[in-house]
Amino acid sequence: MSLQTAHSPARRATEQLMQVRGLTMSYGSGAAENKILQDLDLDVRAGEFVSIVGPSGVGKTTLLRCLSGLLAPKAGTISVGGQQITGPHPDLAVVFQDYSRSLLPWMSTRENVAFPLQGKGMGKAERNALADRNLAAVGLAGQGDKYPWEMSGGMQQRVAIARALAYNAKVLLMDEPFASVDAQTRFDLEDLVIDLHTNLGVTVILVTHDIDEALYLADKVVVIAEKPATVVDVIETNFGEVRDQVETKADPRFAEARARILHRLRDH
Ligand SMILES: Nc1ncnc2c1ncn2[C@@H]1O[C@H](COP(=O)(O)OP(=O)(O)OP(=O)(O)O)[C@@H](O)[C@H]1O
């Protein structure tokens with residue numbers, strides 16, 4: 001597979017969708033206050049794939065939890081489509097690293113995917129049909145009757161992705177989603193997410209400590225560092241729409257971007 005220039009709507013994103021201004025977050029208060037994020041700004045265009053990378057413990061999960069409305073920031077604003085985020089929001093769906101805790105073991109995979117759709121006022125047959133369509137989109141056609149514990153880790157994470165897609169959120173927020181699977185499964189899941197992004201045009205914000213993964217997937221890599229953490233660099237990747245685990249990573253622009261990120265992280 002060769003590198004190509006961007007053609008898909010997803011990789012030609014232009015319209016502003018998400019805006020973060022002055023995001024500040026700390027745990028505890030008074031003498032015990034632990035400042036994690038300080039004055040962080042972030043812009044995400046509709047259909048864009050944004051990776052957020054930074055050293056271990058810098059505050060990546062805290063940032064993603066704030067973006068998803070699960071954690072209230074101490075200061076600053078987060079908006080999606082011009083709407084302020086003040087709590088969990090139907091435009092935002094989250095995929096966590098720990099699929100084994102995010103899927104309900106007593107429900108079949110179809111029920112797991114269909115469950116959050118109850119709040120959308122759909123009948124059971126419609127929910128199940130939507131669940132089956134989204135399971136097929138992640139390569140799990142015909143697997144709806146299986147239980148999560150009958151599936152491999154990679155398959156369970158596919159179910160969690162199908163559940164997020166079925167919810168039809170505008171933004172898919174992913175927190176180290178491939179950190180708990182083996183290397184080959186990780187590559188397969190990365191390529192699955194690229195396909196979903198390209199074909200469905202969904203906006204993705206993915207947090208990872210893996211610089212290669214961040215670059216391979218994204219249109220834009222946001223580097224956070226320092227304590228408290230803030231944005232120290234933003235890199236537009238321009239590797240084209242089609243990504244290939246071997247060729248993209250061998251592209252001289254990939255090596256250049258990787259070196260730039262490593263320098264930024266070393267300097268902070
Ligand atoms: N609920 C919490 N209460 C208090 N401190 C917390 C809480 N969650 C995280 N922290 C602290 O906030 C800091 C940032 O944690 P966070 O998990 O956001 O970082 P991270 O960059 O995602 O880390 P990693 O790369 O190891 O996953 C850490 O020092 C952590 O100990």
# chains A, B, ... in the order shown; residues from 1 in each chain; ligands from 1

$ residues_near_ligand --ligand "ligand 1" --cutoff "7 Å" --atoms "only C-alpha atoms and all ligand atoms" --output "JSON, numbers by chain"
{"A": [27, 28, 36, 54, 55, 56, 57, 58, 59, 60, 61, 62, 63, 209]}

$ residues_around --residues "A:Leu92" --least-positions-apart "2" --cutoff "7 Å" --atoms "only C-alpha atoms" --output "PyMOL selection string"
chain A and resi 68+89-90+94+169-172

$ closest_residue --among "A:Ala93, A:Ala141, A:Ala75, A:Ala250" --to "A:Arg110" --atoms "only C-alpha atoms"
A:Ala141

$ residues_around --residues "A:Asp145" --least-positions-apart "6" --cutoff "10 Å" --atoms "only C-alpha atoms" --output "JSON, numbers by chain"
{"A": [107, 108, 109, 110, 111, 132]}

$ write_last_selection --atoms "N, CA and C atoms" --output "PDB file, in the first residue's frame"
ATOM      1  N   MET A 107     -24.249  -9.313  30.113  1.00  0.00           N
ATOM      2  CA  MET A 107     -24.979  -8.994  28.874  1.00  0.00           C
ATOM      3  C   MET A 107     -24.219  -9.531  27.669  1.00  0.00           C
ATOM      4  N   SER A 108     -24.957  -9.966  26.649  1.00  0.00           N
ATOM      5  CA  SER A 108     -24.314 -10.371  25.392  1.00  0.00           C
ATOM      6  C   SER A 108     -23.667  -9.128  24.762  1.00  0.00           C
ATOM      7  N   THR A 109     -22.827  -9.332  23.760  1.00  0.00           N
ATOM      8  CA  THR A 109     -22.186  -8.171  23.118  1.00  0.00           C
ATOM      9  C   THR A 109     -23.251  -7.268  22.468  1.00  0.00           C
ATOM     10  N   ARG A 110     -24.282  -7.907  21.885  1.00  0.00           N
ATOM     11  CA  ARG A 110     -25.354  -7.088  21.275  1.00  0.00           C
ATOM     12  C   ARG A 110     -26.025  -6.224  22.341  1.00  0.00           C
ATOM     13  N   GLU A 111     -26.313  -6.826  23.507  1.00  0.00           N
ATOM     14  CA  GLU A 111     -26.967  -6.074  24.581  1.00  0.00           C
ATOM     15  C   GLU A 111     -26.054  -4.968  25.111  1.00  0.00           C
ATOM     16  N   ASP A 132     -26.183  -4.600  15.868  1.00  0.00           N
ATOM     17  CA  ASP A 132     -25.618  -5.568  14.922  1.00  0.00           C
ATOM     18  C   ASP A 132     -24.873  -4.864  13.788  1.00  0.00           C
TER      19      ASP A 132
END

$ atom_distance --atom1 "atom CA of A:Gly121" --atom2 "atom CA of A:Pro88"
17.9 Å

$ residues_around --residues "stretch 221-232 of chain A" --least-positions-apart "6" --cutoff "10 Å" --atoms "only C-alpha atoms" --output "VMD selection string"
chain A and resid 22 to 26 34 to 43 49 to 60 63 205 to 207 211 214 to 215 257 261 to 262 264 to 268

$ residues_around --residues "A:Asp212" --least-positions-apart "2" --cutoff "9 Å" --atoms "only C-alpha atoms" --output "VMD selection string"
chain A and resid 210 214 to 217 249 254 258

$ write_last_selection --atoms "C-alpha atoms" --output "PDB file, in the first residue's frame"
ATOM      1  CA  ASP A 210       3.070   6.025  22.532  1.00  0.00           C
ATOM      2  CA  ALA A 214       0.002   9.137  18.134  1.00  0.00           C
ATOM      3  CA  LEU A 215       1.680  10.052  14.829  1.00  0.00           C
ATOM      4  CA  TYR A 216       0.484   7.029  12.868  1.00  0.00           C
ATOM      5  CA  LEU A 217      -3.182   7.693  13.631  1.00  0.00           C
ATOM      6  CA  LYS A 249       6.396   4.740   9.803  1.00  0.00           C
ATOM      7  CA  PHE A 254       7.350  10.474  10.297  1.00  0.00           C
ATOM      8  CA  ARG A 258       8.941  11.793  16.054  1.00  0.00           C
TER       9      ARG A 258
END

$ select_by_dssp --residues "stretch 15-209 of chain A" --states "strand (DSSP E or B)" --output "ChimeraX atom specification"
/A:16-27,34-45,49-53,75-80,83-84,92-95,171-175,203-208

$ residues_around --residues "A:Ala183" --least-positions-apart "4" --cutoff "12 Å" --atoms "only C-alpha atoms" --output "compact mmCIF listing (two decimals) with C-alpha atoms, in the first residue's frame"
# COMPACT_ATOMS: atom_id res chain seq x y z
CA GLY A 154 -8.95 -7.20 21.14
CA PHE A 178 -4.96 -0.25 22.84
CA ALA A 179 -2.63 -0.34 25.85
CA PHE A 187 -1.79 -2.70 15.12
CA ASP A 188 -5.07 -4.30 13.97
CA LEU A 189 -7.12 -2.06 16.27
CA GLU A 190 -5.19 1.04 15.17
CA GLU A 213 0.88 5.46 17.69
CA GLN A 245 2.10 0.27 9.52

$ closest_residue --among "A:Arg186, A:Pro73, A:Gly81, A:Gly47" --to "A:Ala218" --atoms "only C-alpha atoms"
A:Gly47

$ closest_residue --among "A:Gln97, A:Asn134, A:Gln19, A:Ser180" --to "A:Ile78" --atoms "only C-alpha atoms"
A:Gln19

$ closest_residue --among "A:Ser100, A:Asn168, A:Thr185, A:Thr208" --to "A:Tyr147" --atoms "only C-alpha atoms"
A:Ser100

$ atom_distance --atom1 "atom CA of A:Pro148" --atom2 "atom CA of A:Met122"
23.7 Å

$ closest_residue --among "A:Ala136, A:Leu67, A:Val234, A:Val181" --to "A:Arg21" --atoms "only C-alpha atoms"
A:Leu67
